[in-house]
$ cat target27.txt   # compact mmCIF, N, CA and C atoms
# COMPACT_ATOMS: atom_id res chain seq x y z
N MET A 1 21.45 23.65 -25.39
CA MET A 1 21.56 22.67 -24.33
C MET A 1 20.30 22.67 -23.45
N THR A 2 19.76 23.83 -23.13
CA THR A 2 18.57 23.94 -22.29
C THR A 2 17.38 23.26 -22.94
N LYS A 3 17.22 23.44 -24.24
CA LYS A 3 16.11 22.82 -24.96
C LYS A 3 16.23 21.30 -24.89
N LYS A 4 17.43 20.78 -25.02
CA LYS A 4 17.67 19.34 -24.95
C LYS A 4 17.30 18.80 -23.56
N ILE A 5 17.65 19.51 -22.52
CA ILE A 5 17.34 19.09 -21.14
C ILE A 5 15.83 19.10 -20.92
N ARG A 6 15.14 20.13 -21.44
CA ARG A 6 13.69 20.19 -21.29
C ARG A 6 13.01 19.02 -21.99
N ILE A 7 13.48 18.67 -23.17
CA ILE A 7 12.90 17.56 -23.92
C ILE A 7 13.13 16.24 -23.17
N ILE A 8 14.34 16.03 -22.68
CA ILE A 8 14.64 14.81 -21.93
C ILE A 8 13.79 14.73 -20.67
N THR A 9 13.66 15.84 -19.96
CA THR A 9 12.84 15.88 -18.74
C THR A 9 11.39 15.57 -19.06
N MET A 10 10.86 16.17 -20.13
CA MET A 10 9.48 15.95 -20.51
C MET A 10 9.26 14.48 -20.88
N LEU A 11 10.17 13.88 -21.61
CA LEU A 11 10.04 12.47 -21.97
C LEU A 11 10.10 11.57 -20.73
N ALA A 12 10.97 11.90 -19.80
CA ALA A 12 11.06 11.11 -18.56
C ALA A 12 9.76 11.20 -17.77
N VAL A 13 9.17 12.38 -17.68
CA VAL A 13 7.91 12.55 -16.95
C VAL A 13 6.79 11.78 -17.64
N LEU A 14 6.72 11.83 -18.96
CA LEU A 14 5.68 11.13 -19.70
C LEU A 14 5.83 9.61 -19.60
N ALA A 15 7.04 9.11 -19.54
CA ALA A 15 7.28 7.67 -19.50
C ALA A 15 7.08 7.07 -18.11
N THR A 16 7.15 7.86 -17.08
CA THR A 16 7.07 7.36 -15.71
C THR A 16 5.78 6.60 -15.40
N PRO A 17 4.58 7.07 -15.76
CA PRO A 17 3.36 6.35 -15.39
C PRO A 17 3.13 5.05 -16.15
N LEU A 18 3.80 4.82 -17.25
CA LEU A 18 3.52 3.63 -18.06
C LEU A 18 3.65 2.32 -17.30
N PRO A 19 4.69 2.07 -16.52
CA PRO A 19 4.74 0.81 -15.77
C PRO A 19 3.59 0.68 -14.78
N ALA A 20 3.18 1.75 -14.15
CA ALA A 20 2.08 1.70 -13.19
C ALA A 20 0.78 1.32 -13.87
N VAL A 21 0.52 1.86 -15.05
CA VAL A 21 -0.69 1.53 -15.79
C VAL A 21 -0.67 0.06 -16.19
N ALA A 22 0.44 -0.44 -16.65
CA ALA A 22 0.55 -1.84 -17.05
C ALA A 22 0.35 -2.76 -15.86
N HIS A 23 0.84 -2.37 -14.69
CA HIS A 23 0.73 -3.19 -13.49
C HIS A 23 -0.71 -3.37 -13.04
N HIS A 24 -1.54 -2.36 -13.25
CA HIS A 24 -2.90 -2.40 -12.74
C HIS A 24 -3.91 -2.96 -13.75
N SER A 25 -3.48 -3.88 -14.56
CA SER A 25 -4.37 -4.52 -15.52
C SER A 25 -5.25 -5.55 -14.81
N PHE A 26 -6.49 -5.65 -15.25
CA PHE A 26 -7.40 -6.66 -14.72
C PHE A 26 -7.70 -7.70 -15.80
N ALA A 27 -6.78 -7.86 -16.76
CA ALA A 27 -6.97 -8.80 -17.86
C ALA A 27 -7.02 -10.25 -17.39
N MET A 28 -6.51 -10.53 -16.20
CA MET A 28 -6.50 -11.91 -15.71
C MET A 28 -7.87 -12.38 -15.24
N PHE A 29 -8.83 -11.43 -15.12
CA PHE A 29 -10.18 -11.77 -14.68
C PHE A 29 -11.14 -11.81 -15.85
N ASP A 30 -12.08 -12.74 -15.80
CA ASP A 30 -13.11 -12.83 -16.84
C ASP A 30 -14.30 -11.99 -16.39
N LYS A 31 -14.32 -10.74 -16.81
CA LYS A 31 -15.35 -9.78 -16.40
C LYS A 31 -16.71 -10.06 -17.06
N THR A 32 -16.79 -11.09 -17.93
CA THR A 32 -18.07 -11.45 -18.53
C THR A 32 -18.80 -12.48 -17.68
N LYS A 33 -18.14 -12.98 -16.63
CA LYS A 33 -18.74 -14.00 -15.77
C LYS A 33 -18.72 -13.53 -14.32
N GLU A 34 -19.60 -14.11 -13.53
CA GLU A 34 -19.62 -13.81 -12.11
C GLU A 34 -19.82 -15.12 -11.35
N VAL A 35 -18.94 -15.39 -10.40
CA VAL A 35 -19.08 -16.56 -9.54
C VAL A 35 -19.67 -16.10 -8.21
N VAL A 36 -20.39 -17.00 -7.56
CA VAL A 36 -21.00 -16.72 -6.26
C VAL A 36 -20.38 -17.69 -5.26
N LEU A 37 -19.79 -17.16 -4.21
CA LEU A 37 -19.19 -17.97 -3.16
C LEU A 37 -20.07 -17.80 -1.92
N LYS A 38 -20.91 -18.81 -1.65
CA LYS A 38 -21.83 -18.74 -0.51
C LYS A 38 -21.19 -19.32 0.73
N ASN A 39 -21.58 -18.79 1.88
CA ASN A 39 -21.08 -19.26 3.18
C ASN A 39 -19.57 -19.18 3.29
N ALA A 40 -18.98 -18.20 2.61
CA ALA A 40 -17.53 -18.02 2.68
C ALA A 40 -17.18 -17.47 4.06
N VAL A 41 -16.13 -18.01 4.65
CA VAL A 41 -15.67 -17.56 5.96
C VAL A 41 -14.44 -16.68 5.75
N VAL A 42 -14.53 -15.45 6.23
CA VAL A 42 -13.43 -14.50 6.09
C VAL A 42 -12.24 -14.95 6.93
N LYS A 43 -11.10 -15.04 6.28
CA LYS A 43 -9.84 -15.31 6.99
C LYS A 43 -9.08 -14.02 7.21
N ASP A 44 -9.13 -13.12 6.21
CA ASP A 44 -8.43 -11.85 6.32
C ASP A 44 -9.02 -10.85 5.34
N TRP A 45 -9.18 -9.61 5.78
CA TRP A 45 -9.65 -8.50 4.94
C TRP A 45 -8.58 -7.44 5.03
N GLN A 46 -7.82 -7.30 3.95
CA GLN A 46 -6.69 -6.36 3.94
C GLN A 46 -7.08 -5.07 3.22
N TRP A 47 -7.12 -4.01 3.98
CA TRP A 47 -7.47 -2.68 3.48
C TRP A 47 -6.16 -1.97 3.15
N THR A 48 -5.61 -2.27 1.97
CA THR A 48 -4.28 -1.78 1.60
C THR A 48 -4.29 -1.15 0.21
N SER A 49 -3.30 -0.31 -0.03
CA SER A 49 -3.09 0.25 -1.37
C SER A 49 -1.99 -0.56 -2.03
N PRO A 50 -2.02 -0.78 -3.31
CA PRO A 50 -2.96 -0.20 -4.27
C PRO A 50 -4.26 -0.98 -4.39
N HIS A 51 -4.37 -2.18 -3.80
CA HIS A 51 -5.59 -2.97 -3.90
C HIS A 51 -5.93 -3.60 -2.56
N THR A 52 -7.23 -3.71 -2.30
CA THR A 52 -7.68 -4.44 -1.12
C THR A 52 -7.70 -5.93 -1.47
N TRP A 53 -7.63 -6.76 -0.43
CA TRP A 53 -7.66 -8.22 -0.62
C TRP A 53 -8.59 -8.85 0.39
N LEU A 54 -9.37 -9.81 -0.07
CA LEU A 54 -10.26 -10.57 0.80
C LEU A 54 -9.87 -12.04 0.66
N TYR A 55 -9.45 -12.63 1.77
CA TYR A 55 -9.06 -14.04 1.79
C TYR A 55 -10.14 -14.81 2.53
N VAL A 56 -10.70 -15.83 1.88
CA VAL A 56 -11.80 -16.60 2.47
C VAL A 56 -11.59 -18.09 2.25
N VAL A 57 -12.31 -18.87 3.04
CA VAL A 57 -12.42 -20.31 2.79
C VAL A 57 -13.89 -20.60 2.54
N VAL A 58 -14.15 -21.46 1.57
CA VAL A 58 -15.51 -21.76 1.15
C VAL A 58 -15.76 -23.26 1.28
N PRO A 59 -16.78 -23.65 2.06
CA PRO A 59 -17.06 -25.08 2.20
C PRO A 59 -17.48 -25.68 0.86
N ASN A 60 -17.04 -26.91 0.62
CA ASN A 60 -17.39 -27.58 -0.64
C ASN A 60 -17.99 -28.96 -0.41
N GLY A 61 -18.31 -29.29 0.86
CA GLY A 61 -18.95 -30.56 1.17
C GLY A 61 -17.98 -31.72 1.35
N THR A 62 -16.68 -31.49 1.17
CA THR A 62 -15.71 -32.58 1.29
C THR A 62 -14.97 -32.56 2.61
N GLY A 63 -15.17 -31.53 3.40
CA GLY A 63 -14.42 -31.40 4.64
C GLY A 63 -13.12 -30.64 4.46
N ASN A 64 -12.75 -30.38 3.22
CA ASN A 64 -11.56 -29.58 2.89
C ASN A 64 -12.00 -28.32 2.16
N PRO A 65 -12.32 -27.26 2.91
CA PRO A 65 -12.81 -26.04 2.24
C PRO A 65 -11.77 -25.47 1.28
N GLU A 66 -12.28 -24.80 0.25
CA GLU A 66 -11.41 -24.21 -0.77
C GLU A 66 -11.01 -22.80 -0.34
N LYS A 67 -9.74 -22.45 -0.55
CA LYS A 67 -9.22 -21.13 -0.20
C LYS A 67 -9.27 -20.24 -1.43
N TYR A 68 -9.81 -19.04 -1.26
CA TYR A 68 -9.91 -18.06 -2.34
C TYR A 68 -9.22 -16.77 -1.95
N SER A 69 -8.56 -16.15 -2.92
CA SER A 69 -7.97 -14.82 -2.77
C SER A 69 -8.72 -13.90 -3.74
N ILE A 70 -9.43 -12.94 -3.20
CA ILE A 70 -10.27 -12.06 -4.01
C ILE A 70 -9.69 -10.65 -3.95
N GLU A 71 -9.37 -10.11 -5.12
CA GLU A 71 -8.76 -8.78 -5.22
C GLU A 71 -9.84 -7.72 -5.39
N GLY A 72 -9.76 -6.69 -4.56
CA GLY A 72 -10.67 -5.56 -4.69
C GLY A 72 -9.94 -4.37 -5.27
N GLY A 73 -10.65 -3.28 -5.39
CA GLY A 73 -10.06 -2.05 -5.88
C GLY A 73 -9.26 -1.34 -4.79
N ASN A 74 -8.82 -0.15 -5.09
CA ASN A 74 -8.07 0.62 -4.08
C ASN A 74 -9.05 1.10 -3.00
N PRO A 75 -8.54 1.40 -1.81
CA PRO A 75 -9.44 1.80 -0.72
C PRO A 75 -10.38 2.95 -1.06
N GLY A 76 -9.94 3.93 -1.83
CA GLY A 76 -10.81 5.04 -2.20
C GLY A 76 -12.01 4.57 -3.01
N LEU A 77 -11.78 3.73 -3.99
CA LEU A 77 -12.86 3.18 -4.81
C LEU A 77 -13.78 2.32 -3.96
N MET A 78 -13.19 1.48 -3.12
CA MET A 78 -13.98 0.59 -2.28
C MET A 78 -14.87 1.38 -1.32
N ARG A 79 -14.36 2.48 -0.79
CA ARG A 79 -15.12 3.34 0.11
C ARG A 79 -16.37 3.88 -0.61
N ARG A 80 -16.21 4.28 -1.87
CA ARG A 80 -17.34 4.80 -2.65
C ARG A 80 -18.39 3.71 -2.91
N GLU A 81 -17.98 2.44 -2.82
CA GLU A 81 -18.91 1.32 -3.03
C GLU A 81 -19.47 0.79 -1.71
N GLY A 82 -19.20 1.50 -0.61
CA GLY A 82 -19.77 1.14 0.67
C GLY A 82 -18.86 0.37 1.61
N PHE A 83 -17.69 -0.03 1.14
CA PHE A 83 -16.77 -0.80 1.97
C PHE A 83 -16.01 0.12 2.93
N ALA A 84 -15.49 -0.47 4.00
CA ALA A 84 -14.64 0.23 4.94
C ALA A 84 -13.63 -0.76 5.50
N LYS A 85 -12.63 -0.22 6.15
CA LYS A 85 -11.59 -1.07 6.73
C LYS A 85 -12.20 -2.12 7.67
N GLY A 86 -13.22 -1.75 8.41
CA GLY A 86 -13.85 -2.67 9.36
C GLY A 86 -15.09 -3.38 8.83
N SER A 87 -15.29 -3.40 7.51
CA SER A 87 -16.49 -4.04 6.95
C SER A 87 -16.59 -5.52 7.28
N MET A 88 -15.45 -6.19 7.32
CA MET A 88 -15.41 -7.63 7.57
C MET A 88 -14.30 -7.95 8.55
N ALA A 89 -14.49 -9.03 9.28
CA ALA A 89 -13.49 -9.47 10.24
C ALA A 89 -13.33 -10.98 10.13
N PRO A 90 -12.18 -11.51 10.52
CA PRO A 90 -12.01 -12.96 10.49
C PRO A 90 -13.15 -13.67 11.22
N GLY A 91 -13.66 -14.71 10.57
CA GLY A 91 -14.76 -15.48 11.13
C GLY A 91 -16.12 -15.10 10.58
N ASP A 92 -16.26 -13.92 9.98
CA ASP A 92 -17.54 -13.51 9.39
C ASP A 92 -17.91 -14.44 8.25
N LYS A 93 -19.20 -14.78 8.15
CA LYS A 93 -19.70 -15.57 7.02
C LYS A 93 -20.35 -14.60 6.04
N VAL A 94 -19.90 -14.65 4.79
CA VAL A 94 -20.37 -13.72 3.78
C VAL A 94 -20.67 -14.47 2.48
N THR A 95 -21.37 -13.80 1.59
CA THR A 95 -21.54 -14.27 0.22
C THR A 95 -20.79 -13.31 -0.67
N ILE A 96 -19.98 -13.85 -1.56
CA ILE A 96 -19.12 -13.04 -2.42
C ILE A 96 -19.53 -13.21 -3.88
N TYR A 97 -19.58 -12.10 -4.59
CA TYR A 97 -19.81 -12.09 -6.03
C TYR A 97 -18.52 -11.56 -6.66
N ALA A 98 -17.93 -12.35 -7.55
CA ALA A 98 -16.63 -11.96 -8.11
C ALA A 98 -16.51 -12.41 -9.56
N ALA A 99 -15.71 -11.66 -10.32
CA ALA A 99 -15.31 -12.08 -11.67
C ALA A 99 -14.19 -13.10 -11.47
N PRO A 100 -14.33 -14.31 -12.02
CA PRO A 100 -13.32 -15.34 -11.77
C PRO A 100 -12.02 -15.11 -12.52
N LEU A 101 -10.98 -15.76 -12.04
CA LEU A 101 -9.69 -15.75 -12.76
C LEU A 101 -9.84 -16.55 -14.05
N ARG A 102 -9.28 -16.06 -15.13
CA ARG A 102 -9.33 -16.77 -16.41
C ARG A 102 -8.60 -18.11 -16.33
N SER A 103 -7.62 -18.19 -15.44
CA SER A 103 -6.82 -19.41 -15.30
C SER A 103 -7.59 -20.55 -14.66
N GLY A 104 -8.72 -20.24 -14.00
CA GLY A 104 -9.48 -21.26 -13.29
C GLY A 104 -9.03 -21.45 -11.85
N ASP A 105 -7.98 -20.75 -11.44
CA ASP A 105 -7.52 -20.82 -10.05
C ASP A 105 -8.57 -20.22 -9.12
N LYS A 106 -8.45 -20.52 -7.84
CA LYS A 106 -9.41 -20.05 -6.82
C LYS A 106 -9.13 -18.60 -6.46
N GLY A 107 -9.79 -17.70 -7.15
CA GLY A 107 -9.62 -16.29 -6.91
C GLY A 107 -10.48 -15.49 -7.85
N GLY A 108 -10.43 -14.17 -7.72
CA GLY A 108 -11.21 -13.34 -8.60
C GLY A 108 -11.11 -11.87 -8.26
N SER A 109 -11.91 -11.10 -8.98
CA SER A 109 -12.00 -9.65 -8.78
C SER A 109 -13.33 -9.36 -8.10
N LEU A 110 -13.28 -8.72 -6.96
CA LEU A 110 -14.46 -8.49 -6.12
C LEU A 110 -15.47 -7.56 -6.80
N ASN A 111 -16.71 -8.05 -6.91
CA ASN A 111 -17.82 -7.22 -7.39
C ASN A 111 -18.65 -6.74 -6.20
N ALA A 112 -19.06 -7.68 -5.35
CA ALA A 112 -19.93 -7.34 -4.22
C ALA A 112 -19.79 -8.38 -3.13
N VAL A 113 -20.19 -7.98 -1.92
CA VAL A 113 -20.21 -8.87 -0.76
C VAL A 113 -21.53 -8.66 -0.03
N VAL A 114 -22.18 -9.74 0.35
CA VAL A 114 -23.35 -9.65 1.22
C VAL A 114 -22.88 -10.06 2.61
N LEU A 115 -23.01 -9.12 3.56
CA LEU A 115 -22.56 -9.35 4.92
C LEU A 115 -23.56 -10.23 5.68
N THR A 116 -23.16 -10.66 6.85
CA THR A 116 -24.00 -11.52 7.70
C THR A 116 -25.36 -10.87 7.97
N ASN A 117 -25.40 -9.55 8.11
CA ASN A 117 -26.65 -8.85 8.40
C ASN A 117 -27.52 -8.62 7.15
N GLY A 118 -27.06 -9.11 5.98
CA GLY A 118 -27.83 -8.99 4.74
C GLY A 118 -27.50 -7.77 3.90
N LYS A 119 -26.68 -6.87 4.42
CA LYS A 119 -26.32 -5.66 3.67
C LYS A 119 -25.34 -6.00 2.55
N MET A 120 -25.62 -5.46 1.34
CA MET A 120 -24.73 -5.69 0.21
C MET A 120 -23.81 -4.49 0.03
N LEU A 121 -22.52 -4.77 -0.11
CA LEU A 121 -21.52 -3.76 -0.42
C LEU A 121 -21.04 -4.01 -1.84
N GLY A 122 -20.86 -2.96 -2.62
CA GLY A 122 -20.43 -3.11 -4.01
C GLY A 122 -21.63 -3.36 -4.91
N GLU A 123 -21.34 -3.75 -6.14
CA GLU A 123 -22.39 -4.00 -7.13
C GLU A 123 -22.16 -5.31 -7.84
N ARG A 124 -23.23 -6.06 -8.02
CA ARG A 124 -23.14 -7.29 -8.80
C ARG A 124 -23.01 -6.94 -10.27
N MET A 125 -22.47 -7.89 -11.03
CA MET A 125 -22.30 -7.70 -12.46
C MET A 125 -23.68 -7.55 -13.11
N LYS A 126 -23.77 -6.66 -14.05
CA LYS A 126 -25.03 -6.47 -14.76
C LYS A 126 -25.12 -7.47 -15.92
N PRO A 127 -26.29 -8.13 -16.07
CA PRO A 127 -26.44 -9.10 -17.17
C PRO A 127 -26.13 -8.46 -18.52
N GLY A 128 -25.40 -9.18 -19.33
CA GLY A 128 -25.05 -8.73 -20.66
C GLY A 128 -23.88 -7.76 -20.69
N ALA A 129 -23.29 -7.46 -19.53
CA ALA A 129 -22.17 -6.51 -19.48
C ALA A 129 -20.89 -7.19 -19.88
$ encode --input "target27.txt" --output "structure tokens"
Amino acid sequence: MTKKIRIITMLAVLATPLPAVAHHSFAMFDKTKEVVLKNAVVKDWQWTSPHTWLYVVVPNGTGNPEKYSIEGGNPGLMRREGFAKGSMAPGDKVTIYAAPLRSGDKGGSLNAVVLTNGKMLGERMKPGA
């Protein structure tokens, strides 16, 4: 009986992380492309786990700016790339480099941000990557 309980416990422990791994897929982003969003106005910068989020509006010349939701990595990863909770605030004008959504919707995976003062946080996509 003890051996059976150990096997069941071991299987339960091994199976637990599988849903978390599946949830954190970035397959919805086209990592072979990079879009540039210039003069984006920050609406919200959410420093949250498991992923950070940057919500911006981008002028398009029509008077109806486009709204983008840009997903970043977890705060620990973002910190290693130079980001911080206070890196951006509503109203800041930034340039964003992101891998676009495969669906064509207004969003993407954050690669880098150039702040108003010219400082770049993160890394742009490398050509041929």
$ atom_distance --input "target27.txt" --atom1 "atom C of Ala27 in chain A" --atom2 "atom C of Leu54 in chain A"
18.4 Å
$ residues_around --input "target27.txt" --residues "range 47-51 of chain A" --least-positions-apart "4" --cutoff "8 Å" --atoms "only C-alpha atoms" --output "VMD selection string"
chain A and resid 71 to 75 84 to 85
$ write_last_selection --input "target27.txt" --atoms "N, CA and C atoms" --output "short mmCIF file (atom, residue, chain, number, x, y, z; two decimals), keeping the file's coordinate frame"
data_model
loop_
_atom_site.label_atom_id
_atom_site.label_comp_id
_atom_site.auth_asym_id
_atom_site.auth_seq_id
_atom_site.Cartn_x
_atom_site.Cartn_y
_atom_site.Cartn_z
N GLU A 71 -9.37 -10.11 -5.12
CA GLU A 71 -8.76 -8.78 -5.22
C GLU A 71 -9.84 -7.72 -5.39
N GLY A 72 -9.76 -6.69 -4.56
CA GLY A 72 -10.67 -5.56 -4.69
C GLY A 72 -9.94 -4.37 -5.27
N GLY A 73 -10.65 -3.28 -5.39
CA GLY A 73 -10.06 -2.05 -5.88
C GLY A 73 -9.26 -1.34 -4.79
N ASN A 74 -8.82 -0.15 -5.09
CA ASN A 74 -8.07 0.62 -4.08
C ASN A 74 -9.05 1.10 -3.00
N PRO A 75 -8.54 1.40 -1.81
CA PRO A 75 -9.44 1.80 -0.72
C PRO A 75 -10.38 2.95 -1.06
N ALA A 84 -15.49 -0.47 4.00
CA ALA A 84 -14.64 0.23 4.94
C ALA A 84 -13.63 -0.76 5.50
N LYS A 85 -12.63 -0.22 6.15
CA LYS A 85 -11.59 -1.07 6.73
C LYS A 85 -12.20 -2.12 7.67
#
$ atom_distance --input "target27.txt" --atom1 "atom N of Leu121 in chain A" --atom2 "atom C of Asn64 in chain A"
25.9 Å
$ residues_around --input "target27.txt" --residues "range 91-105 of chain A" --least-positions-apart "5" --cutoff "7 Å" --atoms "only N, CA and C atoms" --output "MDAnalysis selection string"
chainID A and resid 27:44 110:116 124:125
$ select_by_dssp --input "target27.txt" --residues "range 33-98 of chain A" --states "alpha helix (DSSP H)" --output "list in words"
Pro75, Gly76, Leu77, Met78, Arg79 and Arg80 of chain A
$ write_last_selection --input "target27.txt" --atoms "N, CA and C atoms" --output "mmCIF file, in the frame of the given file"
data_model
loop_
_atom_site.group_PDB
_atom_site.id
_atom_site.type_symbol
_atom_site.label_atom_id
_atom_site.label_comp_id
_atom_site.auth_asym_id
_atom_site.auth_seq_id
_atom_site.Cartn_x
_atom_site.Cartn_y
_atom_site.Cartn_z
ATOM 1 N N PRO A 75 -8.540 1.400 -1.810
ATOM 2 C CA PRO A 75 -9.440 1.800 -0.720
ATOM 3 C C PRO A 75 -10.380 2.950 -1.060
ATOM 4 N N GLY A 76 -9.940 3.930 -1.830
ATOM 5 C CA GLY A 76 -10.810 5.040 -2.200
ATOM 6 C C GLY A 76 -12.010 4.570 -3.010
ATOM 7 N N LEU A 77 -11.780 3.730 -3.990
ATOM 8 C CA LEU A 77 -12.860 3.180 -4.810
ATOM 9 C C LEU A 77 -13.780 2.320 -3.960
ATOM 10 N N MET A 78 -13.190 1.480 -3.120
ATOM 11 C CA MET A 78 -13.980 0.590 -2.280
ATOM 12 C C MET A 78 -14.870 1.380 -1.320
ATOM 13 N N ARG A 79 -14.360 2.480 -0.790
ATOM 14 C CA ARG A 79 -15.120 3.340 0.110
ATOM 15 C C ARG A 79 -16.370 3.880 -0.610
ATOM 16 N N ARG A 80 -16.210 4.280 -1.870
ATOM 17 C CA ARG A 80 -17.340 4.800 -2.650
ATOM 18 C C ARG A 80 -18.390 3.710 -2.910
#
$ atom_distance --input "target27.txt" --atom1 "CA of Gly118 in chain A" --atom2 "CA of Gly63 in chain A"
26.1 Å
$ build_atoms --input "target27.txt" --residues "range 53-61 of chain A" --atoms "all heavy atoms" --output "PDB file, keeping the file's coordinate frame"
ATOM      1  N   TRP A  53      -7.630  -6.760  -0.430  1.00  0.00           N
ATOM      2  CA  TRP A  53      -7.660  -8.220  -0.620  1.00  0.00           C
ATOM      3  C   TRP A  53      -8.590  -8.850   0.390  1.00  0.00           C
ATOM      4  O   TRP A  53      -8.568  -8.492   1.567  1.00  0.00           O
ATOM      5  CB  TRP A  53      -6.262  -8.819  -0.471  1.00  0.00           C
ATOM      6  CG  TRP A  53      -5.408  -8.566  -1.668  1.00  0.00           C
ATOM      7  CD1 TRP A  53      -4.556  -7.522  -1.861  1.00  0.00           C
ATOM      8  CD2 TRP A  53      -5.347  -9.358  -2.855  1.00  0.00           C
ATOM      9  NE1 TRP A  53      -3.965  -7.622  -3.094  1.00  0.00           N
ATOM     10  CE2 TRP A  53      -4.427  -8.737  -3.721  1.00  0.00           C
ATOM     11  CE3 TRP A  53      -5.968 -10.529  -3.267  1.00  0.00           C
ATOM     12  CZ2 TRP A  53      -4.113  -9.255  -4.974  1.00  0.00           C
ATOM     13  CZ3 TRP A  53      -5.661 -11.042  -4.509  1.00  0.00           C
ATOM     14  CH2 TRP A  53      -4.744 -10.410  -5.356  1.00  0.00           C
ATOM     15  N   LEU A  54      -9.370  -9.810  -0.070  1.00  0.00           N
ATOM     16  CA  LEU A  54     -10.260 -10.570   0.800  1.00  0.00           C
ATOM     17  C   LEU A  54      -9.870 -12.040   0.660  1.00  0.00           C
ATOM     18  O   LEU A  54      -9.921 -12.608  -0.434  1.00  0.00           O
ATOM     19  CB  LEU A  54     -11.712 -10.352   0.366  1.00  0.00           C
ATOM     20  CG  LEU A  54     -12.790 -11.115   1.116  1.00  0.00           C
ATOM     21  CD1 LEU A  54     -12.742 -10.829   2.621  1.00  0.00           C
ATOM     22  CD2 LEU A  54     -14.157 -10.785   0.551  1.00  0.00           C
ATOM     23  N   TYR A  55      -9.450 -12.630   1.770  1.00  0.00           N
ATOM     24  CA  TYR A  55      -9.060 -14.040   1.790  1.00  0.00           C
ATOM     25  C   TYR A  55     -10.140 -14.810   2.530  1.00  0.00           C
ATOM     26  O   TYR A  55     -10.484 -14.464   3.672  1.00  0.00           O
ATOM     27  CB  TYR A  55      -7.707 -14.226   2.473  1.00  0.00           C
ATOM     28  CG  TYR A  55      -6.593 -13.516   1.751  1.00  0.00           C
ATOM     29  CD1 TYR A  55      -6.174 -12.248   2.145  1.00  0.00           C
ATOM     30  CD2 TYR A  55      -5.967 -14.099   0.650  1.00  0.00           C
ATOM     31  CE1 TYR A  55      -5.157 -11.583   1.476  1.00  0.00           C
ATOM     32  CE2 TYR A  55      -4.951 -13.435  -0.027  1.00  0.00           C
ATOM     33  CZ  TYR A  55      -4.555 -12.185   0.388  1.00  0.00           C
ATOM     34  OH  TYR A  55      -3.552 -11.535  -0.288  1.00  0.00           O
ATOM     35  N   VAL A  56     -10.700 -15.830   1.880  1.00  0.00           N
ATOM     36  CA  VAL A  56     -11.800 -16.600   2.470  1.00  0.00           C
ATOM     37  C   VAL A  56     -11.590 -18.090   2.250  1.00  0.00           C
ATOM     38  O   VAL A  56     -10.810 -18.504   1.378  1.00  0.00           O
ATOM     39  CB  VAL A  56     -13.162 -16.191   1.866  1.00  0.00           C
ATOM     40  CG1 VAL A  56     -13.495 -14.744   2.168  1.00  0.00           C
ATOM     41  CG2 VAL A  56     -13.213 -16.448   0.368  1.00  0.00           C
ATOM     42  N   VAL A  57     -12.310 -18.870   3.040  1.00  0.00           N
ATOM     43  CA  VAL A  57     -12.420 -20.310   2.790  1.00  0.00           C
ATOM     44  C   VAL A  57     -13.890 -20.600   2.540  1.00  0.00           C
ATOM     45  O   VAL A  57     -14.775 -20.023   3.191  1.00  0.00           O
ATOM     46  CB  VAL A  57     -11.853 -21.179   3.933  1.00  0.00           C
ATOM     47  CG1 VAL A  57     -10.353 -21.044   4.018  1.00  0.00           C
ATOM     48  CG2 VAL A  57     -12.496 -20.853   5.256  1.00  0.00           C
ATOM     49  N   VAL A  58     -14.150 -21.460   1.570  1.00  0.00           N
ATOM     50  CA  VAL A  58     -15.510 -21.760   1.150  1.00  0.00           C
ATOM     51  C   VAL A  58     -15.760 -23.260   1.280  1.00  0.00           C
ATOM     52  O   VAL A  58     -15.017 -24.057   0.693  1.00  0.00           O
ATOM     53  CB  VAL A  58     -15.743 -21.311  -0.319  1.00  0.00           C
ATOM     54  CG1 VAL A  58     -17.173 -21.588  -0.750  1.00  0.00           C
ATOM     55  CG2 VAL A  58     -15.408 -19.834  -0.487  1.00  0.00           C
ATOM     56  N   PRO A  59     -16.780 -23.650   2.060  1.00  0.00           N
ATOM     57  CA  PRO A  59     -17.060 -25.080   2.200  1.00  0.00           C
ATOM     58  C   PRO A  59     -17.480 -25.680   0.860  1.00  0.00           C
ATOM     59  O   PRO A  59     -18.146 -25.031   0.055  1.00  0.00           O
ATOM     60  CB  PRO A  59     -18.212 -25.124   3.205  1.00  0.00           C
ATOM     61  CG  PRO A  59     -18.746 -23.744   3.301  1.00  0.00           C
ATOM     62  CD  PRO A  59     -17.707 -22.803   2.785  1.00  0.00           C
ATOM     63  N   ASN A  60     -17.040 -26.910   0.620  1.00  0.00           N
ATOM     64  CA  ASN A  60     -17.390 -27.580  -0.640  1.00  0.00           C
ATOM     65  C   ASN A  60     -17.990 -28.960  -0.410  1.00  0.00           C
ATOM     66  O   ASN A  60     -18.127 -29.745  -1.344  1.00  0.00           O
ATOM     67  CB  ASN A  60     -16.171 -27.672  -1.560  1.00  0.00           C
ATOM     68  CG  ASN A  60     -15.043 -28.463  -0.944  1.00  0.00           C
ATOM     69  OD1 ASN A  60     -15.200 -29.090   0.104  1.00  0.00           O
ATOM     70  ND2 ASN A  60     -13.888 -28.443  -1.583  1.00  0.00           N
ATOM     71  N   GLY A  61     -18.310 -29.290   0.860  1.00  0.00           N
ATOM     72  CA  GLY A  61     -18.950 -30.560   1.170  1.00  0.00           C
ATOM     73  C   GLY A  61     -17.980 -31.720   1.350  1.00  0.00           C
ATOM     74  O   GLY A  61     -18.402 -32.833   1.650  1.00  0.00           O
TER      75      GLY A  61
END
